[in-house]
$ cat upload06.pdb   # PDB, C-alpha atoms
ATOM      1  CA  MET A  15       0.000   0.000   0.000
ATOM      2  CA  THR A  16       1.385   3.450  -0.934
ATOM      3  CA  GLU A  17       1.442   6.361   1.479
ATOM      4  CA  LYS A  18       1.250  10.093   0.965
ATOM      5  CA  VAL A  19       3.628  11.735  -1.549
ATOM      6  CA  ARG A  20       6.769  13.485  -0.223
ATOM      7  CA  ARG A  21       9.803  15.200  -1.827
ATOM      8  CA  ASP A  22      13.582  14.695  -1.674
ATOM      9  CA  PHE A  23      16.654  14.701  -3.946
ATOM     10  CA  CYS A  24      16.803  11.873  -6.500
ATOM     11  CA  ILE A  25      20.399  11.072  -7.588
ATOM     12  CA  GLU A  26      19.143   9.515 -10.840
ATOM     13  CA  CYS A  27      17.031  12.518 -11.870
ATOM     14  CA  ARG A  28      19.625  14.925 -10.395
ATOM     15  CA  LYS A  29      16.864  17.067  -8.881
ATOM     16  CA  GLU A  30      14.290  17.172  -6.100
ATOM     17  CA  THR A  31      11.364  14.953  -6.969
ATOM     18  CA  GLU A  32       8.298  13.486  -5.362
ATOM     19  CA  TYR A  33       8.638   9.999  -3.939
ATOM     20  CA  LEU A  34       6.330   7.277  -2.669
ATOM     21  CA  LEU A  35       6.886   5.055   0.365
ATOM     22  CA  GLN A  36       6.235   1.433  -0.554
ATOM     23  CA  LYS A  37       6.830  -2.014   0.891
ATOM     24  CA  LYS A  38       9.470  -4.256  -0.624
ATOM     25  CA  ASP A  39      10.359  -7.856   0.252
ATOM     26  CA  ILE A  40      14.030  -8.612   0.855
ATOM     27  CA  VAL A  41      15.733 -11.897   1.725
ATOM     28  CA  LYS A  42      18.410 -11.972   4.424
ATOM     29  CA  ASN A  43      20.487 -14.855   5.740
ATOM     30  CA  ILE A  44      20.780 -14.863   9.538
ATOM     31  CA  ARG A  45      22.686 -17.678  11.256
ATOM     32  CA  ASP A  46      22.486 -19.856   8.148
ATOM     33  CA  LYS A  47      18.730 -19.411   7.841
ATOM     34  CA  GLU A  48      16.910 -17.392   5.180
ATOM     35  CA  TYR A  49      14.209 -14.886   6.135
ATOM     36  CA  THR A  50      11.959 -12.704   4.002
ATOM     37  CA  PHE A  51      11.364  -9.237   5.453
ATOM     38  CA  ALA A  52       8.963  -6.544   4.247
ATOM     39  CA  ILE A  53      10.793  -3.227   4.509
ATOM     40  CA  THR A  54       9.861   0.336   3.541
ATOM     41  CA  VAL A  55      11.552   1.864   0.477
ATOM     42  CA  ALA A  56      11.326   5.305  -1.118
ATOM     43  CA  VAL A  57      10.643   5.236  -4.883
ATOM     44  CA  CYS A  58      11.063   8.252  -7.150
ATOM     45  CA  ALA A  59       7.722   9.195  -8.719
ATOM     46  CA  GLU A  60       9.488  10.224 -11.986
ATOM     47  CA  CYS A  61      12.146   7.575 -12.702
ATOM     48  CA  GLY A  62      10.987   4.762 -10.485
ATOM     49  CA  GLU A  63      14.371   4.225  -8.856
ATOM     50  CA  GLU A  64      14.820   3.822  -5.120
ATOM     51  CA  MET A  65      15.943   6.916  -3.195
ATOM     52  CA  SER A  66      17.899   7.291   0.018
ATOM     53  CA  ILE A  67      16.018   9.551   2.404
ATOM     54  CA  PRO A  68      16.798  10.535   6.011
ATOM     55  CA  GLY A  69      15.698   8.070   8.665
ATOM     56  CA  LEU A  70      14.844   5.251   6.273
ATOM     57  CA  ILE A  71      17.788   3.026   7.226
ATOM     58  CA  ASP A  72      16.852   3.245  10.916
ATOM     59  CA  LYS A  73      13.250   2.383  10.025
ATOM     60  CA  ASN A  74      14.405  -0.650   8.036
ATOM     61  CA  VAL A  75      16.533  -1.876  10.940
ATOM     62  CA  GLN A  76      13.507  -1.594  13.236
ATOM     63  CA  GLU A  77      11.246  -3.393  10.720
ATOM     64  CA  ILE A  78      13.699  -6.271  10.312
ATOM     65  CA  ASP A  79      14.195  -6.523  14.082
ATOM     66  CA  GLU A  80      10.441  -6.717  14.762
ATOM     67  CA  GLN A  81       9.804  -9.249  11.984
ATOM     68  CA  TYR A  82      12.769 -11.413  12.996
ATOM     69  CA  ARG A  83      11.543 -11.487  16.614
ATOM     70  CA  ALA A  84       8.060 -12.443  15.431
ATOM     71  CA  ALA A  85       9.404 -15.193  13.144
ATOM     72  CA  GLU A  86      11.581 -16.694  15.886
ATOM     73  CA  GLY A  87       9.124 -16.137  18.729
ATOM     74  CA  ILE A  88      11.486 -13.731  20.490
ATOM     75  CA  VAL A  89       9.962 -11.380  23.043
ATOM     76  CA  SER A  90       9.644  -7.725  21.980
ATOM     77  CA  ILE A  91      10.798  -4.580  23.764
ATOM     78  CA  ASP A  92       7.123  -3.644  24.224
ATOM     79  CA  ASP A  93       6.530  -6.976  25.973
ATOM     80  CA  ILE A  94       9.379  -6.317  28.404
ATOM     81  CA  GLU A  95       8.047  -2.844  29.160
ATOM     82  CA  ARG A  96       4.571  -4.300  29.784
ATOM     83  CA  LEU A  97       6.077  -6.859  32.163
ATOM     84  CA  MET A  98       7.734  -4.050  34.149
ATOM     85  CA  LYS A  99       4.460  -2.133  34.269
ATOM     86  CA  ILE A 100       2.343  -5.138  35.287
ATOM     87  CA  TYR A 101       4.598  -6.054  38.192
ATOM     88  CA  LYS A 102       5.624  -2.500  39.116
ATOM     89  CA  ILE A 103       9.297  -3.384  38.892
ATOM     90  CA  GLY A 104      12.318  -1.587  37.430
ATOM     91  CA  LYS A 105      14.542  -2.960  34.693
ATOM     92  CA  ALA A 106      17.522  -3.952  36.884
ATOM     93  CA  PRO A 107      15.348  -5.569  39.597
ATOM     94  CA  LEU A 108      13.416  -7.412  36.868
ATOM     95  CA  SER A 109      16.704  -8.834  35.562
ATOM     96  CA  LEU A 110      17.565 -10.147  39.000
ATOM     97  CA  ALA A 111      14.049 -11.423  39.675
ATOM     98  CA  LEU A 112      14.135 -13.529  36.505
ATOM     99  CA  GLY A 113      17.579 -14.935  37.371
ATOM    100  CA  PHE A 114      19.499 -12.878  34.784
ATOM    101  CA  GLY A 115      22.491 -10.604  35.248
ATOM    102  CA  GLU A 116      21.612  -7.116  36.510
ATOM    103  CA  VAL A 117      22.284  -5.417  33.147
ATOM    104  CA  THR A 118      20.500  -7.996  30.952
ATOM    105  CA  ILE A 119      17.039  -6.395  30.816
ATOM    106  CA  PRO A 120      18.511  -2.853  30.394
ATOM    107  CA  ARG A 121      20.464  -4.149  27.375
ATOM    108  CA  TYR A 122      17.349  -5.783  25.923
ATOM    109  CA  LEU A 123      15.488  -2.481  26.282
ATOM    110  CA  GLU A 124      18.276  -0.795  24.303
ATOM    111  CA  GLY A 125      17.757  -3.258  21.447
ATOM    112  CA  GLN A 126      19.970  -6.256  22.170
ATOM    113  CA  MET A 127      18.314  -9.493  21.038
ATOM    114  CA  PRO A 128      17.478 -11.945  23.858
ATOM    115  CA  SER A 129      18.455 -15.574  23.521
ATOM    116  CA  LYS A 130      15.605 -17.999  22.932
ATOM    117  CA  GLU A 131      16.037 -19.353  26.472
ATOM    118  CA  TYR A 132      15.825 -15.931  28.133
ATOM    119  CA  SER A 133      13.012 -14.860  25.810
ATOM    120  CA  ASN A 134      10.962 -17.883  26.902
ATOM    121  CA  ILE A 135      11.493 -16.994  30.572
ATOM    122  CA  ILE A 136      10.269 -13.440  29.950
ATOM    123  CA  LYS A 137       7.264 -14.749  27.998
ATOM    124  CA  ALA A 138       6.412 -17.186  30.778
ATOM    125  CA  ALA A 139       6.507 -14.374  33.339
ATOM    126  CA  LEU A 140       4.303 -12.261  31.087
ATOM    127  CA  SER A 141       1.707 -14.976  30.583
ATOM    128  CA  SER A 142       1.628 -16.447  34.106
ATOM    129  CA  PRO A 143       1.530 -14.479  37.362
ATOM    130  CA  ALA A 144       2.061 -17.785  39.203
ATOM    131  CA  TYR A 145       5.342 -18.270  37.324
ATOM    132  CA  MET A 146       6.371 -14.698  38.133
ATOM    133  CA  LYS A 147       5.677 -15.354  41.833
ATOM    134  CA  GLN A 148       7.858 -18.455  41.628
ATOM    135  CA  LYS A 149      10.761 -16.509  40.065
ATOM    136  CA  LEU A 150      10.457 -13.765  42.678
ATOM    137  CA  MET A 151      10.660 -16.340  45.451
ATOM    138  CA  GLU A 152      13.618 -18.111  43.845
ATOM    139  CA  ASN A 153      15.600 -14.868  43.593
ATOM    140  CA  ARG A 154      14.301 -13.197  46.750
ATOM    141  CA  GLU A 155      17.780 -12.635  48.223
ATOM    142  CA  LYS A 156      18.962 -10.719  45.140
ATOM    143  CA  LEU A 157      16.260  -8.032  45.452
ATOM    144  CA  THR A 158      15.823  -5.192  47.890
ATOM    145  CA  ASP A 159      12.931  -5.585  50.318
ATOM    146  CA  PRO A 160      10.856  -2.740  48.773
ATOM    147  CA  ALA A 161      11.333  -4.075  45.209
ATOM    148  CA  PHE A 162      10.422  -7.619  46.233
ATOM    149  CA  ARG A 163       7.371  -6.634  48.262
ATOM    150  CA  LYS A 164       6.000  -4.382  45.519
ATOM    151  CA  ALA A 165       6.428  -6.939  42.729
ATOM    152  CA  PHE A 166       5.193  -9.868  44.835
ATOM    153  CA  ALA A 167       2.089  -7.960  45.923
ATOM    154  CA  ALA A 168       1.346  -7.147  42.267
ATOM    155  CA  ALA A 169       1.760 -10.831  41.309
ATOM    156  CA  GLU A 170      -0.548 -11.985  44.106
ATOM    157  CA  SER A 171      -3.122  -9.383  43.118
ATOM    158  CA  ILE A 172      -3.112 -10.585  39.525
ATOM    159  CA  VAL A 173      -3.330 -14.257  40.514
ATOM    160  CA  SER A 174      -6.426 -13.372  42.521
ATOM    161  CA  LEU A 175      -7.767 -11.098  39.802
ATOM    162  CA  PHE A 176      -7.554 -13.681  37.036
ATOM    163  CA  SER A 177      -9.536 -16.264  38.975
ATOM    164  CA  VAL A 178     -11.819 -17.322  36.133
ATOM    165  CA  SER A 179     -11.302 -20.533  34.175
ATOM    166  CA  ASP A 180      -8.750 -20.777  31.379
ATOM    167  CA  LYS A 181     -11.587 -21.321  28.890
ATOM    168  CA  MET A 182     -13.348 -18.143  30.018
ATOM    169  CA  LEU A 183     -10.088 -16.177  29.666
ATOM    170  CA  ARG A 184      -9.593 -17.595  26.179
ATOM    171  CA  VAL A 185     -13.107 -16.621  25.132
ATOM    172  CA  ILE A 186     -12.629 -13.087  26.512
ATOM    173  CA  ALA A 187      -9.266 -12.778  24.745
ATOM    174  CA  TYR A 188     -10.822 -13.871  21.442
ATOM    175  CA  ILE A 189     -13.681 -11.363  21.846
ATOM    176  CA  PHE A 190     -11.129  -8.583  22.393
ATOM    177  CA  GLU A 191      -9.234  -9.746  19.324
ATOM    178  CA  LYS A 192     -12.386  -9.448  17.213
ATOM    179  CA  LEU A 193     -13.859  -6.221  18.631
ATOM    180  CA  GLU A 194     -11.992  -2.931  18.985
ATOM    181  CA  GLU A 195     -13.980  -1.764  21.985
ATOM    182  CA  VAL A 196     -15.914  -3.790  24.543
ATOM    183  CA  THR A 197     -17.569  -2.289  27.616
ATOM    184  CA  PRO A 198     -17.954  -4.451  30.744
ATOM    185  CA  LEU A 199     -21.759  -4.540  30.281
ATOM    186  CA  MET A 200     -21.412  -5.553  26.637
ATOM    187  CA  LEU A 201     -18.865  -8.255  27.497
ATOM    188  CA  GLN A 202     -21.186  -9.805  30.071
ATOM    189  CA  LYS A 203     -23.992 -10.108  27.546
ATOM    190  CA  LEU A 204     -21.737 -11.472  24.789
ATOM    191  CA  LEU A 205     -20.458 -14.182  27.143
ATOM    192  CA  TYR A 206     -24.051 -15.141  27.954
ATOM    193  CA  PHE A 207     -25.042 -15.296  24.257
ATOM    194  CA  ILE A 208     -21.921 -17.318  23.438
ATOM    195  CA  GLN A 209     -22.790 -19.786  26.189
ATOM    196  CA  GLY A 210     -26.363 -20.044  24.916
ATOM    197  CA  VAL A 211     -25.550 -20.485  21.224
ATOM    198  CA  TYR A 212     -22.674 -22.894  21.837
ATOM    199  CA  SER A 213     -24.644 -25.115  24.232
ATOM    200  CA  ALA A 214     -27.579 -25.217  21.809
ATOM    201  CA  LEU A 215     -25.393 -26.232  18.866
ATOM    202  CA  TYR A 216     -23.050 -28.664  20.650
ATOM    203  CA  GLY A 217     -25.064 -29.892  23.645
ATOM    204  CA  ARG A 218     -22.598 -28.743  26.303
ATOM    205  CA  PRO A 219     -21.461 -25.436  27.845
ATOM    206  CA  ILE A 220     -18.413 -23.682  26.442
ATOM    207  CA  PHE A 221     -17.135 -22.629  29.889
ATOM    208  CA  GLU A 222     -17.841 -23.782  33.430
ATOM    209  CA  GLU A 223     -18.755 -20.490  35.134
ATOM    210  CA  ASP A 224     -22.350 -20.070  36.289
ATOM    211  CA  CYS A 225     -24.365 -17.073  35.193
ATOM    212  CA  ARG A 226     -26.435 -15.004  37.640
ATOM    213  CA  ALA A 227     -29.619 -13.003  37.044
ATOM    214  CA  TRP A 228     -28.757  -9.461  38.071
ATOM    215  CA  VAL A 229     -31.022  -6.455  37.561
ATOM    216  CA  HIS A 230     -29.191  -5.500  34.370
ATOM    217  CA  GLY A 231     -29.442  -8.971  32.901
ATOM    218  CA  PRO A 232     -27.221 -12.077  32.989
ATOM    219  CA  VAL A 233     -23.872 -11.528  34.703
ATOM    220  CA  TYR A 234     -20.841 -13.708  35.375
ATOM    221  CA  PRO A 235     -19.760 -12.480  38.839
ATOM    222  CA  GLU A 236     -16.144 -13.632  38.403
ATOM    223  CA  VAL A 237     -15.830 -11.524  35.256
ATOM    224  CA  TYR A 238     -17.517  -8.602  37.009
ATOM    225  CA  GLU A 239     -14.872  -8.774  39.751
ATOM    226  CA  LEU A 240     -12.157  -9.027  37.127
ATOM    227  CA  PHE A 241     -13.261  -5.819  35.444
ATOM    228  CA  ARG A 242     -14.093  -3.858  38.568
ATOM    229  CA  ASP A 243     -10.381  -3.514  39.341
ATOM    230  CA  PHE A 244      -9.547  -1.981  35.976
ATOM    231  CA  LYS A 245      -9.529   1.811  36.252
ATOM    232  CA  TYR A 246      -9.353   2.531  32.518
ATOM    233  CA  ASN A 247     -10.480   0.841  29.348
ATOM    234  CA  PRO A 248      -9.698  -2.809  30.173
ATOM    235  CA  ILE A 249      -8.334  -3.477  26.696
ATOM    236  CA  ASP A 250      -5.715  -0.746  27.182
ATOM    237  CA  ASP A 251      -4.649  -2.033  30.605
ATOM    238  CA  ALA A 252      -1.140  -3.543  30.610
ATOM    239  CA  ARG A 253      -2.412  -6.556  32.525
ATOM    240  CA  PHE A 254      -4.308  -7.708  29.459
ATOM    241  CA  ALA A 255      -0.940  -8.649  28.004
ATOM    242  CA  LEU A 256      -1.541 -11.747  30.137
ATOM    243  CA  LEU A 257      -4.352 -12.684  27.755
ATOM    244  CA  GLU A 258      -2.475 -12.191  24.491
ATOM    245  CA  GLY A 259      -2.479 -15.292  22.352
ATOM    246  CA  THR A 260      -4.691 -17.307  24.702
ATOM    247  CA  GLY A 261      -7.584 -17.081  22.256
ATOM    248  CA  ASP A 262      -5.539 -19.160  19.806
ATOM    249  CA  ALA A 263      -6.018 -22.191  22.072
ATOM    250  CA  LEU A 264      -9.751 -22.327  21.351
ATOM    251  CA  ALA A 265     -11.125 -25.116  19.185
ATOM    252  CA  ASP A 266     -12.418 -24.245  15.708
ATOM    253  CA  GLU A 267     -16.024 -24.903  16.766
ATOM    254  CA  GLU A 268     -15.592 -22.526  19.723
ATOM    255  CA  LYS A 269     -14.151 -19.788  17.510
ATOM    256  CA  ARG A 270     -16.989 -20.311  15.039
ATOM    257  CA  VAL A 271     -19.636 -19.685  17.704
ATOM    258  CA  ILE A 272     -17.815 -16.635  19.064
ATOM    259  CA  ASP A 273     -17.573 -15.269  15.517
ATOM    260  CA  LEU A 274     -21.317 -15.830  15.037
ATOM    261  CA  VAL A 275     -22.127 -13.906  18.230
ATOM    262  CA  VAL A 276     -19.585 -11.122  17.698
ATOM    263  CA  ASN A 277     -20.746 -10.527  14.124
ATOM    264  CA  THR A 278     -24.395 -10.247  15.208
ATOM    265  CA  PHE A 279     -24.942  -9.377  18.878
ATOM    266  CA  GLY A 280     -21.550  -7.631  18.867
ATOM    267  CA  MET A 281     -22.919  -4.919  16.609
ATOM    268  CA  TYR A 282     -25.017  -3.533  19.497
ATOM    269  CA  GLY A 283     -24.144  -1.731  22.712
ATOM    270  CA  GLY A 284     -24.519  -3.170  26.185
ATOM    271  CA  LYS A 285     -27.864  -1.506  26.948
ATOM    272  CA  VAL A 286     -29.460  -2.857  23.757
ATOM    273  CA  LEU A 287     -28.174  -6.356  24.550
ATOM    274  CA  GLU A 288     -29.588  -5.983  28.052
ATOM    275  CA  ARG A 289     -33.038  -5.312  26.548
ATOM    276  CA  ILE A 290     -32.791  -8.571  24.591
ATOM    277  CA  THR A 291     -31.877 -10.653  27.652
ATOM    278  CA  HIS A 292     -34.751  -9.100  29.635
ATOM    279  CA  ASN A 293     -37.159 -10.641  27.126
ATOM    280  CA  GLU A 294     -35.634 -14.098  27.217
ATOM    281  CA  ASP A 295     -36.954 -16.981  29.311
ATOM    282  CA  PRO A 296     -33.797 -17.706  31.356
ATOM    283  CA  TRP A 297     -33.618 -14.213  32.892
ATOM    284  CA  MET A 298     -37.391 -13.769  33.118
ATOM    285  CA  GLY A 299     -37.751 -17.148  34.813
ATOM    286  CA  ALA A 300     -35.144 -16.286  37.430
ATOM    287  CA  ARG A 301     -36.744 -12.876  37.946
ATOM    288  CA  LYS A 302     -40.274 -14.272  38.466
ATOM    289  CA  GLY A 303     -41.594 -13.465  41.917
ATOM    290  CA  TYR A 304     -38.879 -10.962  42.754
ATOM    291  CA  GLY A 305     -39.835  -7.909  40.680
ATOM    292  CA  ASP A 306     -37.152  -5.227  40.684
ATOM    293  CA  SER A 307     -35.712  -6.610  43.924
ATOM    294  CA  ILE A 308     -34.281  -9.703  42.248
ATOM    295  CA  PRO A 309     -31.257 -10.839  44.295
ATOM    296  CA  SER A 310     -27.913 -10.700  42.517
ATOM    297  CA  SER A 311     -27.193 -14.263  43.653
ATOM    298  CA  GLU A 312     -30.100 -15.815  41.719
ATOM    299  CA  LEU A 313     -28.661 -18.554  39.505
ATOM    300  CA  LEU A 314     -29.336 -18.868  35.772
ATOM    301  CA  PRO A 315     -28.707 -22.610  35.370
ATOM    302  CA  LYS A 316     -26.661 -23.589  32.332
ATOM    303  CA  GLU A 317     -29.314 -26.222  31.575
ATOM    304  CA  ARG A 318     -32.053 -23.557  31.380
ATOM    305  CA  ILE A 319     -29.936 -21.408  29.084
ATOM    306  CA  MET A 320     -29.200 -24.413  26.828
ATOM    307  CA  LYS A 321     -32.827 -25.542  26.747
ATOM    308  CA  TYR A 322     -33.997 -22.049  25.752
ATOM    309  CA  TYR A 323     -31.446 -21.694  22.970
ATOM    310  CA  ILE A 324     -32.174 -25.160  21.610
ATOM    311  CA  LEU A 325     -35.755 -23.974  21.069
ATOM    312  CA  ILE A 326     -34.494 -20.726  19.514
ATOM    313  CA  ASN A 327     -32.237 -22.710  17.195
ATOM    314  CA  GLN A 328     -35.183 -24.860  16.075
ATOM    315  CA  LYS A 329     -37.155 -21.723  15.213
ATOM    316  CA  TYR A 330     -34.464 -19.429  13.784
ATOM    317  CA  GLY A 331     -31.468 -21.568  12.835
ATOM    318  CA  ILE A 332     -28.919 -19.745  15.005
ATOM    319  CA  ASP A 333     -26.017 -21.625  13.452
ATOM    320  CA  THR A 334     -26.025 -18.854  10.844
ATOM    321  CA  GLU A 335     -25.614 -15.100  11.118
ATOM    322  CA  ASP A 336     -28.858 -14.554   9.219
ATOM    323  CA  GLY A 337     -30.744 -16.679  11.741
ATOM    324  CA  LEU A 338     -29.259 -14.788  14.672
ATOM    325  CA  ARG A 339     -29.999 -11.422  13.070
ATOM    326  CA  THR A 340     -33.644 -12.420  12.595
ATOM    327  CA  TYR A 341     -33.824 -13.494  16.227
ATOM    328  CA  ILE A 342     -32.262 -10.210  17.407
ATOM    329  CA  HIS A 343     -34.705  -8.229  15.246
ATOM    330  CA  ASP A 344     -37.685 -10.059  16.729
ATOM    331  CA  MET A 345     -36.454  -9.688  20.310
ATOM    332  CA  LEU A 346     -35.838  -5.962  19.890
ATOM    333  CA  GLY A 347     -39.339  -5.674  18.496
ATOM    334  CA  LYS A 348     -40.655  -7.164  21.739
ATOM    335  CA  ALA A 349     -38.519  -4.796  23.793
ATOM    336  CA  SER A 350     -39.716  -1.637  22.050
TER     337      SER A 350
END
$ encode --input "upload06.pdb" --output "structure tokens"
Amino acid sequence: MTEKVRRDFCIECRKETEYLLQKKDIVKNIRDKEYTFAITVAVCAECGEEMSIPGLIDKNVQEIDEQYRAAEGIVSIDDIERLMKIYKIGKAPLSLALGFGEVTIPRYLEGQMPSKEYSNIIKAALSSPAYMKQKLMENREKLTDPAFRKAFAAAESIVSLFSVSDKMLRVIAYIFEKLEEVTPLMLQKLLYFIQGVYSALYGRPIFEEDCRAWVHGPVYPEVYELFRDFKYNPIDDARFALLEGTGDALADEEKRVIDLVVNTFGMYGGKVLERITHNEDPWMGARKGYGDSIPSSELLPKERIMKYYILINQKYGIDTEDGLRTYIHDMLGKAS
């Protein structure tokens, strides 16, 4: 894809000309292995030859570095900075906590490439607060008391925070991957719809957590607690680096159902989705007899959710986006 037109001196045309920034594939041999990298080049708009412009070499070095790390599964500088932020730990203390030399992480932050072994340790710490706690304990004597206490408290907090099942975390991660913005209310409803559609199509729940009938519709209390601690947009919180890549572990059938829900229900905001759930049998059945004072602990049994969506599937064919859209249209008609 071309970018906006700029001007610089072309040595072939012997004058200042316009140039375009384009992508070009190059092949480089690193440690006896060939890699193809897409780098940015400047092309003269008049003669078509490549031009040397200020800053382009540095950009190419950065592009090759990022693509090489991705190809080899080497942790990025951004990942290391996120790890420091998540555990509230400086670069030298982080080196010691992970069992490295004191200057190792500072050198990585300056651009030095980690070994595969050290990269895997950093990745493990980034993906597992339990592993980070283990490393902190192993290297306790190398850290100052304040650094250890601060990082260990952060690790314990995150272990407690991410108390939902691995499957639930994977589903949440995949939703975030598919949608640019998800509010806590919207996420709760999408999880409920995913549970309903999946159980109707495959005869079993997708995750083990029980849903509760709160005033604002179905809610998974564990997920509510997870989000309550996030002060900003949860997707922008550094701690969500812990979820990166976990969605890849989902089965194809699980991804298919999430895609169905995201592409249909995911087009609406949380309050609209709430209106739909308030007209469905599972929530209405739990609400019966309580009125507006429905207790937040009232269970929405997974069996009731599955039974309801089996009937909906028989009527609408919710294994397709068209079927789900028709169902949503009808339910919103009831809610208006």
$ atom_distance --input "upload06.pdb" --atom1 "CA of Leu35 in chain A" --atom2 "CA of Val55 in chain A"
5.7 Å
$ resolve_selection --input "upload06.pdb" --expression "the PyMOL selection byres ((chain A and resi 206) around 9)" --output "PyMOL selection string"
chain A and resi 201-205+207-211+225+232-234+319
$ resolve_selection --input "upload06.pdb" --expression "the PyMOL selection byres ((chain A and resi 120-128) around 9)" --output "PyMOL selection string"
chain A and resi 79+83+88-92+94-95+105-106+109+116-119+129-133
$ resolve_selection --input "upload06.pdb" --expression "the PyMOL selection byres ((chain A and resi 271-285) around 6)" --output "list in words"
Leu199, Met200, Glu268, Lys269, Arg270, Val286, Leu287, Glu288 and Glu335 of chain A
$ atom_distance --input "upload06.pdb" --atom1 "CA of Gln328 in chain A" --atom2 "CA of Leu313 in chain A"
25.1 Å
$ atom_distance --input "upload06.pdb" --atom1 "CA of Pro143 in chain A" --atom2 "CA of Ile172 in chain A"
6.4 Å
